[in-house]
Amino acid sequence: MDLTAANESLATSKSRSWDEIRRDFPVLHQTINDHPLAYLDNAASSQMPQQVIDRLVWYHSGEHSNVHRGVHTLSQRATRAYDEAREKVASFINASSSKECIFVSGTTEGINLVAHSYGRKFIGQDDTILVSALEHHSNIVPWQIIGEETGAKIEVIPMDDRGELILDDLDQMLSGSVKLVCVNHVSNALGTINPIEEIIERAHAQDVPVLVDGAQAAPHMAVDVQALDADFYVFSGHKMCAPTGIGVLWGKQKWLDQMQPYQGGGDMILSVTWEGTKYNDLPFKFEAGTPNIAGAIGLGAAVDYLQSIGLDRIARREADLLAIATAALEELSGVFVIGTAREKAAVLSFGVEGVHPHDVGTILDNEGVAIRAGHHCAQPVMDRLGVPATARASFAFYNHEADIEQLVAGLYSVKEIFGV
Amino acid sequence: MTNMRALYQEVILDHNKNPRNFGTLEGANRRAEGDNPLCGDNYRIFALVDDEGIIQEVGFEGTGCAISKAAASMMTVRIKGKSVDEAKEMVAEFRAMLTGHLDPDDDHNLGHLKVFHGVSQLPQRVKCAVLPFHALEAALKGEERTSTE
């Protein structure tokens, strides 16, 4: 395998057509129940292009070893590739230093790390944690656990019927003893793009730090953590063309320096004696044990891949797909869109009158269309909108219009079977 | 489409649209709640069992997909007037049918409930159909809460 050639071809891929790009994804080229696969569950997990798969194969067949330990050549190769992946991630989100990028297993672990290490240090009995009404369970439950342990209160930034946060009372909510604001960049259930710049600015005006769950944003738009001025920004590899089990917690060094380690073990120490342990420097202080080396390298390759296309081009492509799909669904009688925020990423939640989303999902799957049906790990969002669940089609740049046509055809079957 | 028709048969769609015995049962002496935490389906089953161990009245309420709602509705129709032991036997048979251990063409006490046989072909939907039966079993055993997990 010639990785240099592969990288060179990537470098020139800004002009590649979407059809060419789609061919990079082997998983898309199969039939499900005798229909072409229309993969519209990208908000749950995206697919990997051949370039990322090849990078993983190369790591496992030519570089695998433990990192930061061995003097031998393989260990040096693995260490170099792992460290390079961190540099790629840092540049991807424009972090001022790769030391601020901690590899974690995913967004969930990243948020739990902050809850554990920031929460236990800075949040006390009389404090409040502000959590937006649009959050995924992974940005709710860790704070409830900290709340139970410390006695701190959770207050909810409300949302309206469109799925937009209501920020009228934010300044008042921020006053008092608020220790952290937790908000997602993009809602996984409804696709709302939250005005996190404004939220961060208003929180900082009252010296409150902000954690942003970027799981649904990082793959779909250019993210600049310095411009945002967030305090923590967390995202997952498997939603951005990398494998599962890898993600990134970016945090400002001033917080990471003050926080206690999350887990103890190898790699996160400088020296260990029975009298005490000196912790390692950032980022290693938060990476105990052998990390997910292959995952991190795969994530680095995914960053290369996404950047070779261009995040702005990706965002425009997905906005087009969302507009086409939204218009198509709005034309279908008995089908209604759930979540109509003015700023939306390519997540389209919908319902069919009188039909439970699970039945919609089963009938669509029978026609090769993969969507998510359920509460999307966001039960409070469902409760707020008064629905038990939604059907959700979520798009990536490698989807094409034929996927939307197949979705619409599948919805006609749903309507026919249920007599809608 | 063919196998979807086999799954969503008219009788299932009818019970989904017009569930029988739907609503809280006043005076119930057996009740349990069943949850499928993966999808959020939730049902409450109520039964009034007399001193002879006969299920005199039965009701259910809750939300879920067509499969789970129709299964709950048809289950309540089927067990009304049956003994607790017969109902437990039926729960076991239903579960066996959905896991491929009972041929719907052999002898059983499932009656119309055999229309759910098609669900056994969709492993991810088996829990939907079984959920109300799970809850019924828990109610009859005197437990109050159950889950498919």
# chains A, B, ... in the order shown; residues from 1 in each chain; ligands from 1
call {"tool": "closest_atom_pairs", "arguments": {"of": "chain B", "to": "chain A", "cutoff": "12 Å", "atoms": "only C-alpha atoms", "output": "CSV"}}
result
residue,atom,partner,partner_atom,distance
B:Met1,CA,A:Asn366,CA,7.4
B:Thr2,CA,A:Asn366,CA,9.8
B:Asn3,CA,A:Asn366,CA,8.5
B:Met4,CA,A:Ile363,CA,6.7
B:Arg5,CA,A:Ile417,CA,7.3
B:Ala6,CA,A:Ile417,CA,10.7
B:Leu7,CA,A:Ile363,CA,9.8
B:Tyr8,CA,A:Ile417,CA,7.4
B:Gln9,CA,A:Ile417,CA,9.0
B:Glu10,CA,A:Ile417,CA,9.2
B:Val11,CA,A:Phe418,CA,11.8
B:Ile12,CA,A:Phe418,CA,10.4
B:Leu13,CA,A:Phe418,CA,7.0
B:Asp14,CA,A:Phe418,CA,9.7
B:Asn16,CA,A:Val355,CA,9.2
B:Lys17,CA,A:Gly354,CA,8.0
B:Asn18,CA,A:Gly354,CA,11.4
B:Asn36,CA,A:Gly374,CA,10.8
B:Pro37,CA,A:His375,CA,9.7
B:Leu38,CA,A:Gly374,CA,7.8
B:Cys39,CA,A:Gly374,CA,5.0
B:Gly40,CA,A:His375,CA,6.7
B:Asp41,CA,A:Pro388,CA,7.8
B:Asn42,CA,A:Pro388,CA,9.4
B:Gly62,CA,A:Pro388,CA,10.3
B:Thr63,CA,A:Pro388,CA,7.4
B:Gly64,CA,A:His356,CA,6.8
B:Cys65,CA,A:His356,CA,4.8
B:Ala66,CA,A:His356,CA,6.6
B:Ile67,CA,A:Asp359,CA,7.9
B:Ser68,CA,A:His356,CA,10.2
B:Lys69,CA,A:His356,CA,10.0
B:Val119,CA,A:Thr362,CA,10.9
B:Gln121,CA,A:Thr362,CA,11.8
B:Leu122,CA,A:Thr362,CA,8.8
B:Pro123,CA,A:Thr362,CA,11.1
B:Gln124,CA,A:Thr362,CA,9.1
B:Arg125,CA,A:Thr362,CA,8.4
B:Lys127,CA,A:His358,CA,11.9
B:Cys128,CA,A:His358,CA,9.4
call {"tool": "write_last_selection", "arguments": {"atoms": "C-alpha atoms", "output": "mmCIF file, in the first residue's frame"}}
result
data_model
loop_
_atom_site.group_PDB
_atom_site.id
_atom_site.type_symbol
_atom_site.label_atom_id
_atom_site.label_comp_id
_atom_site.auth_asym_id
_atom_site.auth_seq_id
_atom_site.Cartn_x
_atom_site.Cartn_y
_atom_site.Cartn_z
ATOM 1 C CA MET B 1 -43.897 -5.332 0.769
ATOM 2 C CA THR B 2 -45.206 -8.928 0.938
ATOM 3 C CA ASN B 3 -43.598 -9.767 4.252
ATOM 4 C CA MET B 4 -44.658 -6.395 5.660
ATOM 5 C CA ARG B 5 -48.259 -7.366 4.871
ATOM 6 C CA ALA B 6 -47.656 -10.634 6.696
ATOM 7 C CA LEU B 7 -46.376 -8.692 9.677
ATOM 8 C CA TYR B 8 -48.942 -5.920 9.718
ATOM 9 C CA GLN B 9 -52.037 -8.038 9.194
ATOM 10 C CA GLU B 10 -55.476 -6.416 9.237
ATOM 11 C CA VAL B 11 -56.273 -7.764 12.689
ATOM 12 C CA ILE B 12 -53.085 -6.233 14.113
ATOM 13 C CA LEU B 13 -53.773 -2.869 12.472
ATOM 14 C CA ASP B 14 -57.348 -2.991 13.767
ATOM 15 C CA ASN B 16 -53.649 -0.945 17.078
ATOM 16 C CA LYS B 17 -56.221 1.577 15.915
ATOM 17 C CA ASN B 18 -59.017 0.454 18.237
ATOM 18 C CA ASN B 36 -38.712 -1.254 26.956
ATOM 19 C CA PRO B 37 -35.922 1.176 27.861
ATOM 20 C CA LEU B 38 -34.420 0.964 24.377
ATOM 21 C CA CYS B 39 -37.427 2.451 22.629
ATOM 22 C CA GLY B 40 -39.467 3.996 25.430
ATOM 23 C CA ASP B 41 -42.508 1.719 24.982
ATOM 24 C CA ASN B 42 -44.440 1.631 28.227
ATOM 25 C CA GLY B 62 -49.716 3.024 27.640
ATOM 26 C CA THR B 63 -47.916 3.867 24.436
ATOM 27 C CA GLY B 64 -45.892 1.957 21.916
ATOM 28 C CA CYS B 65 -45.765 0.688 18.366
ATOM 29 C CA ALA B 66 -48.515 -1.136 16.486
ATOM 30 C CA ILE B 67 -46.970 -4.495 17.325
ATOM 31 C CA SER B 68 -46.847 -3.925 21.077
ATOM 32 C CA LYS B 69 -50.225 -2.214 21.268
ATOM 33 C CA VAL B 119 -42.628 -11.052 14.313
ATOM 34 C CA GLN B 121 -38.648 -13.163 11.680
ATOM 35 C CA LEU B 122 -37.690 -9.683 12.970
ATOM 36 C CA PRO B 123 -35.480 -10.154 16.037
ATOM 37 C CA GLN B 124 -35.409 -6.424 16.754
ATOM 38 C CA ARG B 125 -39.203 -6.378 17.067
ATOM 39 C CA LYS B 127 -39.380 -7.439 22.399
ATOM 40 C CA CYS B 128 -42.191 -5.173 21.213
#
call {"tool": "residues_around", "arguments": {"residues": "region 44-50 of chain B", "least_positions_apart": "4", "cutoff": "6 Å", "atoms": "only C-alpha atoms", "output": "number ranges by chain"}}
result
B: 25, 28-33, 54-61
call {"tool": "write_last_selection", "arguments": {"atoms": "N, CA and C atoms", "output": "PDB file, in the first residue's frame"}}
result
ATOM      1  N   LEU B  25     -58.161   0.045  34.946  1.00  0.00           N
ATOM      2  CA  LEU B  25     -59.222  -0.812  35.477  1.00  0.00           C
ATOM      3  C   LEU B  25     -59.400  -0.516  36.956  1.00  0.00           C
ATOM      4  N   ALA B  28     -58.777  -3.095  40.234  1.00  0.00           N
ATOM      5  CA  ALA B  28     -57.852  -4.186  39.870  1.00  0.00           C
ATOM      6  C   ALA B  28     -57.061  -4.629  41.103  1.00  0.00           C
ATOM      7  N   ASN B  29     -56.825  -5.919  41.213  1.00  0.00           N
ATOM      8  CA  ASN B  29     -55.989  -6.401  42.329  1.00  0.00           C
ATOM      9  C   ASN B  29     -54.654  -6.973  41.850  1.00  0.00           C
ATOM     10  N   ARG B  30     -54.428  -6.863  40.556  1.00  0.00           N
ATOM     11  CA  ARG B  30     -53.097  -7.210  40.006  1.00  0.00           C
ATOM     12  C   ARG B  30     -52.736  -6.100  39.031  1.00  0.00           C
ATOM     13  N   ARG B  31     -51.531  -5.609  39.125  1.00  0.00           N
ATOM     14  CA  ARG B  31     -51.120  -4.590  38.150  1.00  0.00           C
ATOM     15  C   ARG B  31     -49.604  -4.604  38.015  1.00  0.00           C
ATOM     16  N   ALA B  32     -49.131  -4.251  36.855  1.00  0.00           N
ATOM     17  CA  ALA B  32     -47.676  -4.128  36.648  1.00  0.00           C
ATOM     18  C   ALA B  32     -47.427  -3.213  35.478  1.00  0.00           C
ATOM     19  N   GLU B  33     -46.236  -2.628  35.478  1.00  0.00           N
ATOM     20  CA  GLU B  33     -45.845  -1.720  34.410  1.00  0.00           C
ATOM     21  C   GLU B  33     -44.697  -2.372  33.654  1.00  0.00           C
ATOM     22  N   ILE B  54     -59.635 -16.870  38.798  1.00  0.00           N
ATOM     23  CA  ILE B  54     -60.090 -16.574  37.431  1.00  0.00           C
ATOM     24  C   ILE B  54     -59.927 -15.062  37.164  1.00  0.00           C
ATOM     25  N   ILE B  55     -59.402 -14.744  35.987  1.00  0.00           N
ATOM     26  CA  ILE B  55     -59.217 -13.332  35.606  1.00  0.00           C
ATOM     27  C   ILE B  55     -60.575 -12.801  35.139  1.00  0.00           C
ATOM     28  N   GLN B  56     -61.209 -12.016  36.012  1.00  0.00           N
ATOM     29  CA  GLN B  56     -62.563 -11.539  35.700  1.00  0.00           C
ATOM     30  C   GLN B  56     -62.521 -10.321  34.772  1.00  0.00           C
ATOM     31  N   GLU B  57     -61.605  -9.415  35.064  1.00  0.00           N
ATOM     32  CA  GLU B  57     -61.504  -8.200  34.255  1.00  0.00           C
ATOM     33  C   GLU B  57     -60.042  -7.937  33.950  1.00  0.00           C
ATOM     34  N   VAL B  58     -59.816  -7.276  32.850  1.00  0.00           N
ATOM     35  CA  VAL B  58     -58.432  -6.961  32.497  1.00  0.00           C
ATOM     36  C   VAL B  58     -58.421  -5.669  31.679  1.00  0.00           C
ATOM     37  N   GLY B  59     -57.375  -4.883  31.846  1.00  0.00           N
ATOM     38  CA  GLY B  59     -57.260  -3.645  31.081  1.00  0.00           C
ATOM     39  C   GLY B  59     -55.796  -3.281  30.898  1.00  0.00           C
ATOM     40  N   PHE B  60     -55.561  -2.353  29.983  1.00  0.00           N
ATOM     41  CA  PHE B  60     -54.178  -1.887  29.820  1.00  0.00           C
ATOM     42  C   PHE B  60     -54.189  -0.456  29.313  1.00  0.00           C
ATOM     43  N   GLU B  61     -53.117   0.223  29.566  1.00  0.00           N
ATOM     44  CA  GLU B  61     -52.923   1.544  28.966  1.00  0.00           C
ATOM     45  C   GLU B  61     -51.424   1.756  28.730  1.00  0.00           C
TER      46      GLU B  61
END
call {"tool": "closest_residue", "arguments": {"among": "A:Thr340, A:Ser333, A:Gln47, A:Ser98", "to": "Phe284 (chain A)", "atoms": "only C-alpha atoms"}}
result
A:Ser98
call {"tool": "residues_around", "arguments": {"residues": "region 157-173 of chain A", "least_positions_apart": "2", "cutoff": "12 Å", "atoms": "only C-alpha atoms", "output": "JSON, numbers by chain"}}
result
{"A": [128, 129, 130, 131, 132, 133, 134, 135, 154, 155, 175, 176, 177, 178, 179, 180, 181, 182, 183, 184, 185, 186, 187, 188, 189, 190, 191, 192, 193, 194, 195, 196, 198, 199, 200, 201, 202, 203, 204, 205, 206, 207, 208, 337, 338, 339, 340, 341, 342, 343, 344, 349, 380, 381, 382, 383, 384, 385, 386, 387]}
call {"tool": "write_last_selection", "arguments": {"atoms": "C-alpha atoms", "output": "PDB file, in the first residue's frame"}}
result
ATOM      1  CA  THR A 128     -26.146  25.067  40.049  1.00  0.00           C
ATOM      2  CA  ILE A 129     -25.419  23.371  36.730  1.00  0.00           C
ATOM      3  CA  LEU A 130     -27.336  24.788  33.753  1.00  0.00           C
ATOM      4  CA  VAL A 131     -28.258  22.138  31.207  1.00  0.00           C
ATOM      5  CA  SER A 132     -30.157  22.863  28.002  1.00  0.00           C
ATOM      6  CA  ALA A 133     -33.519  21.218  27.332  1.00  0.00           C
ATOM      7  CA  LEU A 134     -32.151  19.821  24.058  1.00  0.00           C
ATOM      8  CA  GLU A 135     -29.492  17.555  25.532  1.00  0.00           C
ATOM      9  CA  ILE A 154     -29.663  21.133  37.822  1.00  0.00           C
ATOM     10  CA  GLU A 155     -31.565  23.912  36.082  1.00  0.00           C
ATOM     11  CA  SER A 175     -26.499  34.789  38.081  1.00  0.00           C
ATOM     12  CA  GLY A 176     -25.969  33.179  41.427  1.00  0.00           C
ATOM     13  CA  SER A 177     -23.812  30.177  41.937  1.00  0.00           C
ATOM     14  CA  VAL A 178     -23.790  28.603  38.472  1.00  0.00           C
ATOM     15  CA  LYS A 179     -20.649  26.523  37.963  1.00  0.00           C
ATOM     16  CA  LEU A 180     -21.117  25.217  34.444  1.00  0.00           C
ATOM     17  CA  VAL A 181     -23.365  25.510  31.394  1.00  0.00           C
ATOM     18  CA  CYS A 182     -23.843  22.300  29.386  1.00  0.00           C
ATOM     19  CA  VAL A 183     -25.221  22.608  25.885  1.00  0.00           C
ATOM     20  CA  ASN A 184     -24.937  20.788  22.604  1.00  0.00           C
ATOM     21  CA  HIS A 185     -23.749  22.504  19.460  1.00  0.00           C
ATOM     22  CA  VAL A 186     -26.306  20.581  17.390  1.00  0.00           C
ATOM     23  CA  SER A 187     -29.265  18.660  18.800  1.00  0.00           C
ATOM     24  CA  ASN A 188     -29.109  14.972  17.918  1.00  0.00           C
ATOM     25  CA  ALA A 189     -32.877  14.596  18.183  1.00  0.00           C
ATOM     26  CA  LEU A 190     -34.055  17.633  16.210  1.00  0.00           C
ATOM     27  CA  GLY A 191     -31.005  18.982  14.378  1.00  0.00           C
ATOM     28  CA  THR A 192     -31.230  22.448  15.946  1.00  0.00           C
ATOM     29  CA  ILE A 193     -27.959  24.379  15.670  1.00  0.00           C
ATOM     30  CA  ASN A 194     -27.710  26.177  18.985  1.00  0.00           C
ATOM     31  CA  PRO A 195     -26.324  29.721  19.188  1.00  0.00           C
ATOM     32  CA  ILE A 196     -23.409  28.580  21.305  1.00  0.00           C
ATOM     33  CA  GLU A 198     -23.970  33.799  22.192  1.00  0.00           C
ATOM     34  CA  ILE A 199     -24.453  31.380  25.087  1.00  0.00           C
ATOM     35  CA  ILE A 200     -20.706  31.253  25.721  1.00  0.00           C
ATOM     36  CA  GLU A 201     -20.403  35.035  25.568  1.00  0.00           C
ATOM     37  CA  ARG A 202     -23.242  35.559  28.012  1.00  0.00           C
ATOM     38  CA  ALA A 203     -21.970  32.831  30.357  1.00  0.00           C
ATOM     39  CA  HIS A 204     -18.472  34.264  30.320  1.00  0.00           C
ATOM     40  CA  ALA A 205     -19.862  37.710  31.117  1.00  0.00           C
ATOM     41  CA  GLN A 206     -20.740  36.154  34.465  1.00  0.00           C
ATOM     42  CA  ASP A 207     -17.567  34.046  34.692  1.00  0.00           C
ATOM     43  CA  VAL A 208     -19.374  30.769  34.075  1.00  0.00           C
ATOM     44  CA  VAL A 337     -41.628  17.292  10.558  1.00  0.00           C
ATOM     45  CA  ILE A 338     -40.652  17.517  14.232  1.00  0.00           C
ATOM     46  CA  GLY A 339     -38.138  20.227  15.033  1.00  0.00           C
ATOM     47  CA  THR A 340     -38.422  23.308  12.859  1.00  0.00           C
ATOM     48  CA  ALA A 341     -35.641  25.484  14.207  1.00  0.00           C
ATOM     49  CA  ARG A 342     -34.479  28.216  11.852  1.00  0.00           C
ATOM     50  CA  GLU A 343     -30.888  26.945  11.997  1.00  0.00           C
ATOM     51  CA  LYS A 344     -30.695  23.207  11.463  1.00  0.00           C
ATOM     52  CA  SER A 349     -37.048  14.128  12.765  1.00  0.00           C
ATOM     53  CA  PRO A 380     -36.689  15.001  28.002  1.00  0.00           C
ATOM     54  CA  VAL A 381     -36.832  16.432  24.453  1.00  0.00           C
ATOM     55  CA  MET A 382     -39.568  13.939  23.560  1.00  0.00           C
ATOM     56  CA  ASP A 383     -41.475  14.772  26.770  1.00  0.00           C
ATOM     57  CA  ARG A 384     -41.226  18.474  26.025  1.00  0.00           C
ATOM     58  CA  LEU A 385     -42.678  17.961  22.531  1.00  0.00           C
ATOM     59  CA  GLY A 386     -45.291  15.523  23.797  1.00  0.00           C
ATOM     60  CA  VAL A 387     -44.251  12.615  21.592  1.00  0.00           C
TER      61      VAL A 387
END
call {"tool": "select_by_dssp", "arguments": {"residues": "region 77-274 of chain A", "states": "strand (DSSP E or B)", "output": "short mmCIF file (atom, residue, chain, number, x, y, z; two decimals) with C-alpha atoms, in the first residue's frame"}}
result
data_model
loop_
_atom_site.label_atom_id
_atom_site.label_comp_id
_atom_site.auth_asym_id
_atom_site.auth_seq_id
_atom_site.Cartn_x
_atom_site.Cartn_y
_atom_site.Cartn_z
CA CYS A 101 -6.88 17.42 23.21
CA ILE A 102 -7.54 14.36 25.33
CA PHE A 103 -8.36 11.10 23.58
CA VAL A 104 -11.39 9.48 25.16
CA THR A 128 -26.15 25.07 40.05
CA ILE A 129 -25.42 23.37 36.73
CA LEU A 130 -27.34 24.79 33.75
CA VAL A 131 -28.26 22.14 31.21
CA SER A 132 -30.16 22.86 28.00
CA LYS A 153 -29.00 21.70 41.52
CA ILE A 154 -29.66 21.13 37.82
CA GLU A 155 -31.57 23.91 36.08
CA VAL A 156 -32.87 23.56 32.56
CA ILE A 157 -32.54 26.19 29.83
CA MET A 159 -36.84 25.28 24.55
CA LEU A 165 -33.58 27.25 23.11
CA VAL A 178 -23.79 28.60 38.47
CA LYS A 179 -20.65 26.52 37.96
CA LEU A 180 -21.12 25.22 34.44
CA VAL A 181 -23.37 25.51 31.39
CA CYS A 182 -23.84 22.30 29.39
CA VAL A 183 -25.22 22.61 25.88
CA ASN A 184 -24.94 20.79 22.60
CA VAL A 186 -26.31 20.58 17.39
CA THR A 192 -31.23 22.45 15.95
CA ILE A 193 -27.96 24.38 15.67
CA VAL A 210 -19.36 26.29 29.15
CA LEU A 211 -19.14 22.68 28.05
CA VAL A 212 -20.25 22.06 24.47
CA ASP A 213 -21.31 18.60 23.30
CA PHE A 232 -14.77 22.26 26.95
CA TYR A 233 -15.70 20.84 23.54
CA VAL A 234 -16.36 17.13 23.20
CA PHE A 235 -16.96 14.95 20.13
CA SER A 236 -16.92 11.36 18.88
CA GLY A 247 -13.39 10.60 20.70
CA VAL A 248 -11.90 13.84 21.87
CA LEU A 249 -12.29 16.04 24.90
CA TRP A 250 -10.81 19.44 24.19
CA GLY A 251 -10.50 21.67 27.25
CA ILE A 269 2.08 9.39 35.79
CA LEU A 270 5.58 10.83 35.93
CA SER A 271 6.63 8.76 38.93
CA VAL A 272 4.96 6.45 41.42
CA THR A 273 6.16 5.66 44.92
#
call {"tool": "closest_residue", "arguments": {"among": "B:Leu98, B:Leu113, B:Leu140, B:Ala129", "to": "Ser83 (chain B)", "atoms": "only C-alpha atoms"}}
result
B:Leu140
call {"tool": "select_by_dssp", "arguments": {"residues": "chain B", "states": "helix (DSSP H, G or I)", "output": "VMD selection string"}}
result
chain B and resid 2 to 7 10 to 17 66 to 79 84 to 98 111 to 121 123 to 141
call {"tool": "residues_around", "arguments": {"residues": "Trp255 (chain A)", "least_positions_apart": "4", "cutoff": "8 Å", "atoms": "only C-alpha atoms", "output": "ChimeraX atom specification"}}
result
/A:118,231,251,259
call {"tool": "residues_around", "arguments": {"residues": "region 104-110 of chain B", "least_positions_apart": "4", "cutoff": "12 Å", "atoms": "only C-alpha atoms", "output": "list in words"}}
result
Ala71, Met74, Met75, Thr76, Val77, Arg78, Ile79, Lys82, Glu86, Ala87, Lys88, Glu89, Met90, Val91, Ala92, Glu93, Phe94, Arg95, Ala96, Met97, Leu98, Thr99, Gly100, Lys114, Val115, Phe116, His117, Gly118 and Ser120 of chain B
call {"tool": "closest_residue", "arguments": {"among": "A:Ala325, A:Val223, A:Leu113, A:Ala85", "to": "Leu311 (chain A)", "atoms": "only C-alpha atoms"}}
result
A:Val223
call {"tool": "residues_around", "arguments": {"residues": "Gly147 (chain A)", "least_positions_apart": "4", "cutoff": "10 Å", "atoms": "only C-alpha atoms", "output": "PyMOL selection string"}}
result
chain A and resi 115+119-120+123-125+127-129+141-143+151-154
call {"tool": "atom_distance", "arguments": {"atom1": "CA of Ala230 (chain A)", "atom2": "CA of Glu100 (chain A)"}}
result
12.3 Å
call {"tool": "decode", "arguments": {"residues": "region 57-77 of chain B", "atoms": "N, CA and C atoms", "output": "PDB file, in the first residue's frame"}}
result
ATOM      1  N   GLU B  57     -61.605  -9.415  35.064  1.00  0.00           N
ATOM      2  CA  GLU B  57     -61.504  -8.200  34.255  1.00  0.00           C
ATOM      3  C   GLU B  57     -60.042  -7.937  33.950  1.00  0.00           C
ATOM      4  N   VAL B  58     -59.816  -7.276  32.850  1.00  0.00           N
ATOM      5  CA  VAL B  58     -58.432  -6.961  32.497  1.00  0.00           C
ATOM      6  C   VAL B  58     -58.421  -5.669  31.679  1.00  0.00           C
ATOM      7  N   GLY B  59     -57.375  -4.883  31.846  1.00  0.00           N
ATOM      8  CA  GLY B  59     -57.260  -3.645  31.081  1.00  0.00           C
ATOM      9  C   GLY B  59     -55.796  -3.281  30.898  1.00  0.00           C
ATOM     10  N   PHE B  60     -55.561  -2.353  29.983  1.00  0.00           N
ATOM     11  CA  PHE B  60     -54.178  -1.887  29.820  1.00  0.00           C
ATOM     12  C   PHE B  60     -54.189  -0.456  29.313  1.00  0.00           C
ATOM     13  N   GLU B  61     -53.117   0.223  29.566  1.00  0.00           N
ATOM     14  CA  GLU B  61     -52.923   1.544  28.966  1.00  0.00           C
ATOM     15  C   GLU B  61     -51.424   1.756  28.730  1.00  0.00           C
ATOM     16  N   GLY B  62     -51.125   2.742  27.908  1.00  0.00           N
ATOM     17  CA  GLY B  62     -49.716   3.024  27.640  1.00  0.00           C
ATOM     18  C   GLY B  62     -49.500   3.361  26.179  1.00  0.00           C
ATOM     19  N   THR B  63     -48.247   3.501  25.807  1.00  0.00           N
ATOM     20  CA  THR B  63     -47.916   3.867  24.436  1.00  0.00           C
ATOM     21  C   THR B  63     -46.844   2.946  23.874  1.00  0.00           C
ATOM     22  N   GLY B  64     -46.903   2.769  22.582  1.00  0.00           N
ATOM     23  CA  GLY B  64     -45.892   1.957  21.916  1.00  0.00           C
ATOM     24  C   GLY B  64     -46.276   1.764  20.468  1.00  0.00           C
ATOM     25  N   CYS B  65     -45.545   0.905  19.792  1.00  0.00           N
ATOM     26  CA  CYS B  65     -45.765   0.688  18.366  1.00  0.00           C
ATOM     27  C   CYS B  65     -47.003  -0.170  18.123  1.00  0.00           C
ATOM     28  N   ALA B  66     -47.336  -0.344  16.859  1.00  0.00           N
ATOM     29  CA  ALA B  66     -48.515  -1.136  16.486  1.00  0.00           C
ATOM     30  C   ALA B  66     -48.387  -2.569  16.985  1.00  0.00           C
ATOM     31  N   ILE B  67     -47.177  -3.104  16.912  1.00  0.00           N
ATOM     32  CA  ILE B  67     -46.970  -4.495  17.325  1.00  0.00           C
ATOM     33  C   ILE B  67     -47.258  -4.650  18.823  1.00  0.00           C
ATOM     34  N   SER B  68     -46.684  -3.768  19.628  1.00  0.00           N
ATOM     35  CA  SER B  68     -46.847  -3.925  21.077  1.00  0.00           C
ATOM     36  C   SER B  68     -48.286  -3.609  21.494  1.00  0.00           C
ATOM     37  N   LYS B  69     -48.874  -2.593  20.857  1.00  0.00           N
ATOM     38  CA  LYS B  69     -50.225  -2.214  21.268  1.00  0.00           C
ATOM     39  C   LYS B  69     -51.240  -3.287  20.865  1.00  0.00           C
ATOM     40  N   ALA B  70     -51.118  -3.792  19.659  1.00  0.00           N
ATOM     41  CA  ALA B  70     -52.038  -4.844  19.210  1.00  0.00           C
ATOM     42  C   ALA B  70     -51.833  -6.106  20.042  1.00  0.00           C
ATOM     43  N   ALA B  71     -50.588  -6.406  20.384  1.00  0.00           N
ATOM     44  CA  ALA B  71     -50.320  -7.595  21.207  1.00  0.00           C
ATOM     45  C   ALA B  71     -50.986  -7.435  22.566  1.00  0.00           C
ATOM     46  N   ALA B  72     -50.899  -6.243  23.148  1.00  0.00           N
ATOM     47  CA  ALA B  72     -51.516  -6.008  24.457  1.00  0.00           C
ATOM     48  C   ALA B  72     -53.030  -6.141  24.349  1.00  0.00           C
ATOM     49  N   SER B  73     -53.597  -5.532  23.311  1.00  0.00           N
ATOM     50  CA  SER B  73     -55.045  -5.556  23.137  1.00  0.00           C
ATOM     51  C   SER B  73     -55.548  -6.991  22.959  1.00  0.00           C
ATOM     52  N   MET B  74     -54.927  -7.719  22.051  1.00  0.00           N
ATOM     53  CA  MET B  74     -55.381  -9.086  21.768  1.00  0.00           C
ATOM     54  C   MET B  74     -55.124 -10.008  22.952  1.00  0.00           C
ATOM     55  N   MET B  75     -54.077  -9.731  23.687  1.00  0.00           N
ATOM     56  CA  MET B  75     -53.777 -10.516  24.890  1.00  0.00           C
ATOM     57  C   MET B  75     -54.900 -10.359  25.913  1.00  0.00           C
ATOM     58  N   THR B  76     -55.352  -9.103  26.110  1.00  0.00           N
ATOM     59  CA  THR B  76     -56.396  -8.897  27.120  1.00  0.00           C
ATOM     60  C   THR B  76     -57.689  -9.616  26.708  1.00  0.00           C
ATOM     61  N   VAL B  77     -58.000  -9.580  25.423  1.00  0.00           N
ATOM     62  CA  VAL B  77     -59.209 -10.276  24.940  1.00  0.00           C
ATOM     63  C   VAL B  77     -59.082 -11.768  25.226  1.00  0.00           C
TER      64      VAL B  77
END
